[in-house]
Each structure stands twice: as C-alpha cells, then as structure tokens.
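Participant: Sharing data-v3.txt below, compact mmCIF, C-alpha atoms:
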# COMPACT_ATOMS: atom_id res chain seq x y z
CA MET A 1498 51.39 200.04 -118.99
CA ARG A 1499 52.30 200.93 -115.47
CA ARG A 1500 53.10 198.22 -113.00
CA GLN A 1501 50.42 197.68 -110.36
CA LYS A 1502 51.61 198.96 -107.00
CA THR A 1503 50.60 197.89 -103.57
CA ALA A 1504 48.87 200.08 -101.04
CA LEU A 1505 50.95 202.43 -98.92
CA PRO A 1506 52.36 200.56 -95.91
CA ALA A 1507 53.52 201.74 -92.57
CA VAL A 1508 57.09 203.02 -92.35
CA SER A 1509 58.26 199.91 -90.52
CA SER A 1510 57.14 196.38 -91.27
CA GLY A 1511 57.69 195.14 -87.75
CA PRO A 1512 55.86 196.06 -84.54
CA SER A 1513 56.84 199.36 -82.96
CA VAL A 1514 56.45 199.97 -79.24
CA TYR A 1515 56.59 203.45 -77.77
CA THR A 1516 57.83 203.79 -74.22
CA THR A 1517 58.50 206.79 -72.02
CA ALA A 1518 61.10 207.35 -69.37
CA MET A 1519 58.41 207.53 -66.67
CA SER A 1520 57.58 204.28 -64.94
CA GLU A 1521 54.00 205.36 -64.15
CA PRO A 1522 51.49 207.37 -66.23
CA ALA A 1523 51.53 211.06 -65.43
CA GLY A 1524 48.48 212.78 -64.07
CA PRO A 1525 46.70 215.56 -65.99
CA SER A 1526 48.81 218.35 -64.46
CA GLU A 1527 52.05 216.46 -64.95
CA SER A 1528 51.14 215.70 -68.57
CA LEU A 1529 50.36 219.35 -69.23
CA ALA A 1530 53.63 220.44 -67.67
CA VAL A 1531 55.62 218.08 -69.84
CA SER A 1532 53.84 219.03 -73.04
CA THR A 1533 54.02 222.80 -72.51
CA SER A 1534 57.49 223.16 -71.02
CA PRO A 1535 59.66 225.05 -73.48
CA THR A 1536 62.83 223.60 -74.88
CA PRO A 1537 65.57 226.11 -75.65
CA GLN A 1538 66.31 226.40 -79.34
CA GLY A 1539 69.24 224.26 -80.40
CA GLU A 1540 69.02 222.05 -77.30
CA HIS A 1541 67.78 218.49 -77.26
CA ASP A 1542 64.81 217.73 -75.00
CA GLN A 1543 66.26 215.10 -72.65
CA SER A 1544 62.84 214.37 -71.11
CA HIS A 1545 61.64 212.76 -74.34
CA VAL A 1546 62.81 209.17 -74.66
CA GLU A 1547 61.65 206.77 -77.35
CA GLY A 1548 62.17 203.05 -77.35
CA HIS A 1549 61.48 201.06 -80.51
CA PHE A 1550 61.54 197.29 -80.52
CA GLU A 1551 63.58 196.23 -83.55
CA SER A 1552 63.85 192.46 -83.15
CA SER A 1553 60.34 191.47 -84.20
CA ALA A 1554 61.66 189.06 -86.86
CA THR A 1555 63.67 187.17 -84.23
CA VAL A 1556 60.68 187.02 -81.89
CA ARG A 1557 58.57 185.74 -84.77
CA ASP A 1558 61.07 182.94 -85.42
CA ILE A 1559 61.10 182.01 -81.73
CA VAL A 1560 57.30 181.95 -81.65
CA ILE A 1561 57.15 179.71 -84.71
CA GLY A 1562 59.74 177.29 -83.37
CA LEU A 1563 58.40 177.08 -79.81
CA ALA A 1564 54.76 176.82 -80.83
CA ASP A 1565 55.40 173.85 -83.10
CA GLY A 1566 57.92 172.35 -80.68
CA LEU A 1567 55.42 172.39 -77.84
CA THR A 1568 52.45 170.99 -79.77
CA VAL A 1569 53.76 168.40 -82.25
CA PRO A 1570 55.96 166.31 -79.89
CA PHE A 1571 53.24 166.59 -77.24
CA ALA A 1572 50.68 165.12 -79.63
CA LEU A 1573 53.05 162.33 -80.64
CA ALA A 1574 53.89 161.43 -77.05
CA ALA A 1575 50.25 161.58 -76.01
CA GLY A 1576 49.18 159.40 -78.91
CA LEU A 1577 51.84 156.80 -78.15
CA SER A 1578 51.04 156.75 -74.44
CA GLY A 1579 47.95 154.66 -75.00
CA ALA A 1580 49.56 152.40 -77.60
CA VAL A 1581 52.79 151.34 -75.92
CA ALA A 1582 53.61 150.40 -72.37
CA SER A 1583 57.22 151.58 -72.29
CA SER A 1584 57.97 155.26 -71.73
CA ARG A 1585 61.37 154.65 -73.33
CA ILE A 1586 59.69 154.06 -76.69
CA VAL A 1587 57.79 157.33 -76.31
CA VAL A 1588 61.02 159.19 -75.54
CA VAL A 1589 62.91 157.66 -78.48
CA ALA A 1590 60.08 158.41 -80.88
CA GLY A 1591 59.73 161.92 -79.48
CA LEU A 1592 63.44 162.68 -79.84
CA ALA A 1593 63.41 161.39 -83.41
CA GLU A 1594 60.48 163.66 -84.21
CA ILE A 1595 62.19 166.64 -82.58
CA ALA A 1596 65.34 166.05 -84.64
CA ALA A 1597 63.42 165.74 -87.90
CA GLY A 1598 61.06 168.58 -87.05
CA SER A 1599 63.81 171.02 -86.10
CA ILE A 1600 65.65 170.33 -89.37
CA ALA A 1601 62.49 170.76 -91.42
CA MET A 1602 61.44 173.93 -89.58
CA GLY A 1603 64.93 175.41 -89.81
CA LEU A 1604 65.08 174.70 -93.52
CA GLY A 1605 61.69 176.31 -93.99
CA GLY A 1606 62.84 179.42 -92.14
CA TYR A 1607 66.00 179.59 -94.24
CA LEU A 1608 64.13 179.30 -97.52
CA ALA A 1609 61.55 181.89 -96.44
CA ALA A 1610 64.24 184.40 -95.47
CA ARG A 1611 66.14 183.75 -98.69
CA GLY A 1612 62.95 184.26 -100.64
CA ASP A 1613 62.38 187.63 -98.94
CA ALA A 1614 65.92 188.74 -99.76
CA GLU A 1615 65.64 187.68 -103.39
CA HIS A 1616 62.26 189.39 -103.77
CA TYR A 1617 63.66 192.61 -102.30
CA ALA A 1618 66.67 192.52 -104.64
CA SER A 1619 64.45 191.91 -107.66
CA GLU A 1620 62.10 194.79 -106.83
CA LYS A 1621 65.03 197.09 -106.09
CA ARG A 1622 66.53 196.45 -109.52
CA ARG A 1623 63.14 197.21 -111.08
CA GLU A 1624 62.87 200.50 -109.20
CA GLU A 1625 66.43 201.47 -110.19
CA LEU A 1626 65.45 201.08 -113.83
CA GLU A 1627 62.15 202.91 -113.45
CA ILE A 1628 63.60 206.09 -111.95
CA VAL A 1629 65.81 206.30 -115.05
CA GLU A 1630 63.52 205.07 -117.81
CA ARG A 1631 60.16 206.26 -116.42
CA THR A 1632 61.18 209.28 -114.39
CA ARG A 1633 57.92 211.20 -114.82
CA ASP A 1634 55.84 208.23 -113.67
CA GLU A 1635 58.02 207.79 -110.59
CA GLU A 1636 57.75 211.50 -109.79
CA GLU A 1637 53.96 211.26 -109.88
CA GLU A 1638 54.10 208.24 -107.59
CA VAL A 1639 56.11 210.27 -105.07
CA TYR A 1640 53.42 212.96 -105.13
CA GLU A 1641 50.74 210.28 -104.68
CA ILE A 1642 52.56 208.95 -101.63
CA PHE A 1643 52.64 212.39 -100.01
CA GLU A 1644 49.00 213.03 -100.92
CA GLN A 1645 48.04 210.07 -98.74
CA TYR A 1646 49.62 212.00 -95.84
CA SER A 1647 47.71 215.17 -96.86
CA VAL A 1648 50.94 216.87 -98.01
CA PRO A 1649 50.28 219.27 -100.91
CA ARG A 1650 52.29 218.92 -104.11
CA ALA A 1651 53.93 222.28 -103.51
CA ASN A 1652 55.30 221.09 -100.17
CA ALA A 1653 56.34 217.72 -101.57
CA ALA A 1654 58.19 219.24 -104.53
CA PRO A 1655 61.36 220.17 -102.56
CA VAL A 1656 61.52 216.65 -101.15
CA LEU A 1657 61.19 215.19 -104.63
CA GLU A 1658 63.98 217.44 -105.91
CA ALA A 1659 66.22 216.33 -103.03
CA LEU A 1660 65.49 212.67 -103.82
CA LYS A 1661 66.30 213.22 -107.49
CA GLN A 1662 69.72 214.47 -106.46
CA ASN A 1663 70.32 211.18 -104.61
CA PRO A 1664 69.08 208.23 -106.72
CA THR A 1665 70.00 205.70 -104.04
CA ALA A 1666 67.82 207.47 -101.49
CA TRP A 1667 65.05 207.79 -104.09
CA VAL A 1668 65.07 204.03 -104.70
CA ASP A 1669 65.07 203.33 -100.94
CA PHE A 1670 62.17 205.77 -100.51
CA MET A 1671 60.10 204.02 -103.19
CA MET A 1672 60.94 200.58 -101.84
CA ARG A 1673 59.71 201.48 -98.39
CA PHE A 1674 56.77 203.80 -98.99
CA GLU A 1675 55.50 202.56 -102.35
CA LEU A 1676 56.11 198.81 -102.12
CA GLY A 1677 56.27 198.38 -98.35
CA LEU A 1678 59.54 196.46 -98.46
CA GLU A 1679 62.33 196.69 -95.91
CA GLN A 1680 65.84 195.60 -96.82
CA PRO A 1681 66.55 192.26 -95.10
CA LYS A 1682 69.47 192.31 -92.73
CA PRO A 1683 72.64 190.54 -93.92
CA GLY A 1684 72.82 186.95 -92.70
CA ARG A 1685 69.11 186.89 -91.92
CA ALA A 1686 68.50 183.47 -93.54
CA PRO A 1687 70.97 181.36 -91.49
CA ARG A 1688 70.04 183.20 -88.28
CA SER A 1689 66.37 182.54 -88.91
CA ALA A 1690 67.03 178.85 -89.55
CA LEU A 1691 69.11 178.48 -86.39
CA THR A 1692 66.61 180.40 -84.25
CA ILE A 1693 63.61 178.38 -85.42
CA ALA A 1694 65.41 175.04 -85.13
CA THR A 1695 66.77 175.80 -81.63
CA SER A 1696 63.37 177.03 -80.45
CA TYR A 1697 61.73 173.89 -81.80
CA VAL A 1698 64.16 171.68 -79.88
CA ALA A 1699 63.65 173.69 -76.69
CA GLY A 1700 59.88 173.52 -77.02
CA GLY A 1701 59.85 169.84 -77.92
CA MET A 1702 61.81 168.81 -74.84
CA VAL A 1703 59.14 170.21 -72.52
CA PRO A 1704 56.35 167.65 -73.14
CA LEU A 1705 58.88 164.80 -73.26
CA PHE A 1706 60.45 165.63 -69.92
CA PRO A 1707 58.00 163.59 -67.77
CA TYR A 1708 58.58 160.52 -69.92
CA MET A 1709 62.34 160.92 -69.49
CA LEU A 1710 61.83 160.64 -65.73
CA ALA A 1711 60.52 157.08 -66.31
CA PHE A 1712 57.04 157.83 -65.05
CA GLU A 1713 54.27 155.38 -65.92
CA ASN A 1714 52.78 156.51 -69.23
CA ARG A 1715 49.46 157.66 -67.83
CA SER A 1716 51.08 159.73 -65.08
CA ALA A 1717 53.65 161.06 -67.53
CA LEU A 1718 50.88 162.17 -69.87
CA GLN A 1719 49.07 164.04 -67.12
CA LEU A 1720 52.26 165.80 -66.04
CA SER A 1721 53.13 166.53 -69.67
CA ILE A 1722 49.79 168.27 -70.15
CA VAL A 1723 50.36 170.45 -67.10
CA ILE A 1724 53.91 171.53 -67.88
CA THR A 1725 53.07 172.13 -71.56
CA LEU A 1726 50.25 174.49 -70.60
CA VAL A 1727 52.49 176.22 -68.03
CA ALA A 1728 55.22 176.59 -70.65
CA LEU A 1729 52.75 178.15 -73.09
CA ALA A 1730 51.58 180.63 -70.47
CA VAL A 1731 55.11 181.57 -69.39
CA PHE A 1732 56.26 181.96 -72.97
CA GLY A 1733 53.24 184.11 -73.78
CA ALA A 1734 53.90 186.32 -70.77
CA LEU A 1735 57.55 186.81 -71.72
CA LYS A 1736 56.58 187.58 -75.32
CA GLY A 1737 54.05 190.15 -74.19
CA ARG A 1738 56.58 191.71 -71.84
CA ILE A 1739 59.20 192.00 -74.58
CA MET A 1740 56.81 193.24 -77.26
CA GLY A 1741 55.08 195.65 -74.88
CA THR A 1742 51.59 194.25 -75.54
CA GLY A 1743 50.85 193.29 -71.93
CA TRP A 1744 52.05 190.09 -70.28
CA LEU A 1745 48.64 188.92 -69.02
CA ARG A 1746 46.88 189.37 -72.34
CA SER A 1747 49.69 187.69 -74.26
CA ALA A 1748 49.91 184.81 -71.77
CA THR A 1749 46.16 184.18 -71.96
CA GLN A 1750 46.15 184.37 -75.75
CA THR A 1751 49.13 182.05 -76.15
CA LEU A 1752 47.72 179.59 -73.61
CA LEU A 1753 44.33 179.43 -75.33
CA ILE A 1754 45.65 179.15 -78.88
CA GLY A 1755 48.46 176.75 -77.99
CA GLY A 1756 46.17 174.70 -75.77
CA ILE A 1757 43.57 174.35 -78.51
CA ALA A 1758 46.24 173.38 -81.03
CA ALA A 1759 47.74 170.81 -78.65
CA ALA A 1760 44.30 169.37 -77.84
CA ALA A 1761 43.42 169.09 -81.53
CA ALA A 1762 46.73 167.39 -82.29
CA TYR A 1763 46.26 165.03 -79.35
CA LEU A 1764 42.72 164.05 -80.40
CA LEU A 1765 43.87 163.48 -83.96
CA ALA A 1766 46.74 161.29 -82.78
CA ARG A 1767 44.40 159.26 -80.58
CA LEU A 1768 41.91 158.91 -83.44
CA LEU A 1769 44.55 157.67 -85.84
CA ASN A 1770 45.90 155.33 -83.18
CA GLY A 1771 42.44 153.84 -82.78
CA TYR A 1772 42.32 152.93 -86.46
CA ALA A 1773 45.87 151.55 -86.51
Would you mind giving the structure from this file in structure tokens?

Facilitator:
Amino acid sequence: MRRQKTALPAVSSGPSVYTTAMSEPAGPSESLAVSTSPTPQGEHDQSHVEGHFESSATVRDIVIGLADGLTVPFALAAGLSGAVASSRIVVVAGLAEIAAGSIAMGLGGYLAARGDAEHYASEKRREELEIVERTRDEEEEVYEIFEQYSVPRANAAPVLEALKQNPTAWVDFMMRFELGLEQPKPGRAPRSALTIATSYVAGGMVPLFPYMLAFENRSALQLSIVITLVALAVFGALKGRIMGTGWLRSATQTLLIGGIAAAAAYLLARLLNGYA
C-alpha cells in the first residue's frame, strides 16, 4: 500500500516578496519598454533585480514573543492595579511573570524547532528508502508532480532521468515538491528559543514601564494602555515594512488583534480578581 502523500506545496514554505530596482511603478510605456527590450544572448539582464525575504522564521519567532510579551504582562499588571495600592508589587509580580514566561516561551520554541528537524529527518530517511525499494512508484510521483504544472510526461522524462542519476537531488526534490518540507537550518532550535525569549522580555517591559516610574496605579494603568497600543502599532508597521505587505495595513491589523487580545486578557484578570 502506498503511503498517503500531502498536496503539492509551494516551492518555498516561507513568504516570498518580489521587489524591483525601481522605486516607483513604471507607466505603461516604461513597462512596455522594459519588457520588450532585447537582452543580448549570453549576457545577464542587469535591469532585472529580484529580492526574496528569507528570514520569515525569525520574524515569526519575534512576532510570537512580542505578541505574548505585550499582552500577558499587561493583563497581569492591569489586574493587580485594582487589587494592590503599591506599584512596586505590580512591578515585582510583572518581572516574575516575564522571567517565567520568557523561559516557557523559549522552551516551547526550542521544542517546536527540534520537532520540525526530527520530522524532516524521519521523512528524508523514508524517501531515501523508497527511491531504492519502490523506484517505479517514485517515478510516477515525479510525473504526477509535473502534471500539476501542466508539464507533459515526455517533457518531464529528461528531468526524471537527471534526478535518477543524482539520488541526493531526487530525495531533495521529493521532500520539497511532494511533501512540502524544507530542510531546517542548522542551529535553528537554539536560535528560535533565544529569539522568542528575548522578544518576550522586550515586549513585557513595555506595559510595566509606567509602573517602574512610580506612578499612582490608576495613572500608570492609563499610560500602560497607551504605550502598549503604540508599541503594537509600531511593531506592526515595522513588520509590514520588512515583509513587504504594507506598513499601514500591518500596523492596523496588529493593533486591532493585539488590542483585542490585551482587552480580553485585562477583562479576564479583572473578573478573576473580583472573585478572589
């Protein structure tokens, strides 16, 4: 019985952003001139520049760490503001939560990255066996992959023959196009843990900052709300700028989602405090 395969994925698992060398969109005539201008054979077209963002995993870790760091300590500090009179108690409790939260989040990131690496290694060993023990089945799967791109079997046959001459490339091809798996970068797990933990600490210090200035709890809470929302908007704008998705859209999205999450956490903390 053949192993159930997943649907054909995109070539890259992370976001890909296409940029051109021009700072402003070209007009119709300019676009036509660029697309129809001949390039001498054997020469590289220097007018064509591609930029691909390749650090999506790192950005994802930063997003995870900052999002939790901004919302959880904020909710804790806000919930304590109405229960205790001393801002020092709020700060101490907030710092303790940040320390515990950063360790827990970092550990979670490490285990997730390790799990991805182990899963990739397991599937790679399986594919290495299949191209030897079930060669005909794997050949048909290559043809099926190309058929999804409307490439006839006759045109795909030379590619298959080239892959058969290089088993390592054949396995890599099946891992990427059949299973949708990218080989994790070496050292990904500890980097992910450190990135998430550091981002959590950075995010958690933002809502606690007003309390560290020894403001009265009510005033500190109001200022904490403002700077937390500003931090969410700024972070969203930077993320959108880096990812190429538009800074305004990303800032608005991050502000709304983070604001709703912070409000829900705050209301839950206040509700639990009322029953305490």

Participant: What's the 8 Å shell around A:Ile1559, counting only C-alpha atoms, without same-chain residues fewer than 3 positions away, as a VMD selection string?

Facilitator: chain A and resid 1555 to 1556 1562 to 1563 1692 to 1693 1696

Participant: For stretch 1598-1615 of chain A, list every protein, DNA or RNA residue within 7 Å, evaluated using all atoms listed in the file, and leave out those in the same chain fewer than 5 positions away; present the list as a list in words.

Facilitator: Pro1681, Arg1685, Ala1686, Pro1687, Ser1689, Ala1690, Leu1691, Ile1693, Ala1694, Tyr1697 and Val1698 of chain A

Participant: Considering all atoms listed in the file, return as a PyMOL selection string whatever protein or nucleic-acid residues lie within 10 Å of A:Glu1713, sequence-local ones (same chain, fewer than 5 positions apart) excluded.

Facilitator: chain A and resi 1578+1582-1584+1707-1708+1718

Participant: Given only C-alpha atoms, how would the per-residue table for stretch 1566-1671 of chain A near stretch 1727-1744 of chain A read, listing every residue at most 12 Å away with its closest atom pair and distance in Å to one decimal, sorted by chain and number, as a tab-separated table?

Facilitator:
residue	atom	partner	partner_atom	distance
A:Gly1566	CA	A:Leu1729	CA	10.9
A:Leu1567	CA	A:Leu1729	CA	7.9
A:Thr1568	CA	A:Leu1729	CA	9.8

Participant: Got time to write the residues from that selection, C-alpha atoms, as a PDB file, keeping the file's coordinate frame?

Facilitator:
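Output saved as out_3.pdb:
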ATOM      1  CA  GLY A1566      57.920 172.350 -80.680  1.00  0.00           C
ATOM      2  CA  LEU A1567      55.420 172.390 -77.840  1.00  0.00           C
ATOM      3  CA  THR A1568      52.450 170.990 -79.770  1.00  0.00           C
TER       4      THR A1568
END

Participant: Distance atom CA of A:Leu1745-atom CA of A:Leu1726, one decimal place?

Facilitator: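 Taking atom CA of A:Leu1745 as the start and atom CA of A:Leu1726 as the end point, the length is 14.6 Å.
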
Participant: So what do you get for atom CA of A:Tyr1640 versus atom CA of A:Leu1626, distance-wise?

Facilitator: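 Going from atom CA of A:Tyr1640 over to atom CA of A:Leu1626, I get 19.0 Å.
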
Participant: Between atom CA of A:Ala1590 and atom CA of A:Val1723, measure the distance and give it in Å to one decimal.

Facilitator: 20.7 Å

Participant: Write out, as a Markdown table, each residue of stretch 1545-1663 of chain A that has an atom at most 9 Å from stretch 1667-1672 of chain A, together with the closest pair of atoms and their distance in Å to one decimal, counting all atoms listed in the file, rows going by chain and rising number.

Facilitator:
| residue | atom | partner | partner_atom | distance |
| --- | --- | --- | --- | --- |
| A:Tyr1617 | CA | A:Met1672 | CA | 8.4 |
| A:Glu1620 | CA | A:Met1672 | CA | 7.7 |
| A:Lys1621 | CA | A:Met1672 | CA | 6.9 |
| A:Glu1624 | CA | A:Val1668 | CA | 6.1 |
| A:Glu1625 | CA | A:Val1668 | CA | 6.2 |
| A:Ile1628 | CA | A:Val1668 | CA | 7.7 |
| A:Glu1635 | CA | A:Met1671 | CA | 8.6 |
| A:Glu1638 | CA | A:Met1671 | CA | 8.6 |
| A:Val1639 | CA | A:Met1671 | CA | 7.6 |
| A:Leu1657 | CA | A:Trp1667 | CA | 8.4 |
| A:Ala1659 | CA | A:Trp1667 | CA | 8.7 |
| A:Leu1660 | CA | A:Trp1667 | CA | 4.9 |
| A:Lys1661 | CA | A:Trp1667 | CA | 6.5 |
| A:Gln1662 | CA | A:Trp1667 | CA | 8.5 |
| A:Asn1663 | CA | A:Trp1667 | CA | 6.3 |

Participant: With all atoms listed in the file as the basis for distance, which of A:Arg1650, A:Leu1769, A:Leu1678, A:Thr1632 is at the shortest distance from A:Ala1580?

Facilitator: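 Distance minimum relative to A:Ala1580 lands on A:Leu1769.
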
Participant: May I have the centre and edge lengths, in Å to one decimal, of an axis-aligned box around the listed atoms of stretch 1743-1750 of chain A with 6 Å added to every side, as AutoDock Vina command-line options?

Facilitator:
--center_x 49.1 --center_y 188.7 --center_z -72.4 --size_x 17.9 --size_y 21.1 --size_z 18.7

Participant: From the options A:Ile1754, A:Ile1642, A:Ala1575, A:Val1589, which residue's atoms come nearest to A:Phe1674, counting all atoms listed in the file?

Facilitator: A:Ile1642

Participant: Measuring between all atoms listed in the file, which one of A:Gly1591, A:Ala1761, A:Arg1633, A:Arg1673 shows the shortest distance to A:Leu1577?

Facilitator: A:Gly1591

Participant: Compare A:Leu1720, A:Pro1570, A:Arg1631, A:Arg1715 by their minimum atom-to-atom distance to A:Val1588, counting all atoms listed in the file, and give me the closest one.

Facilitator: A:Pro1570

Participant: Could you tell me which of A:Leu1676, A:Ala1758, A:Leu1705, A:Val1629 comes closest to A:His1616 if we count all atoms listed in the file?

Facilitator: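 With all atoms listed in the file as the atom set, the closest residue is A:Leu1676.
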
Participant: Determine the nearest neighbour of A:Ala1766 from the options A:Thr1725, A:Glu1679, A:Gly1576, A:Gly1684, counting all atoms listed in the file.

Facilitator: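 Once distances to A:Ala1766 are computed over all atoms listed in the file, the minimum belongs to A:Gly1576.
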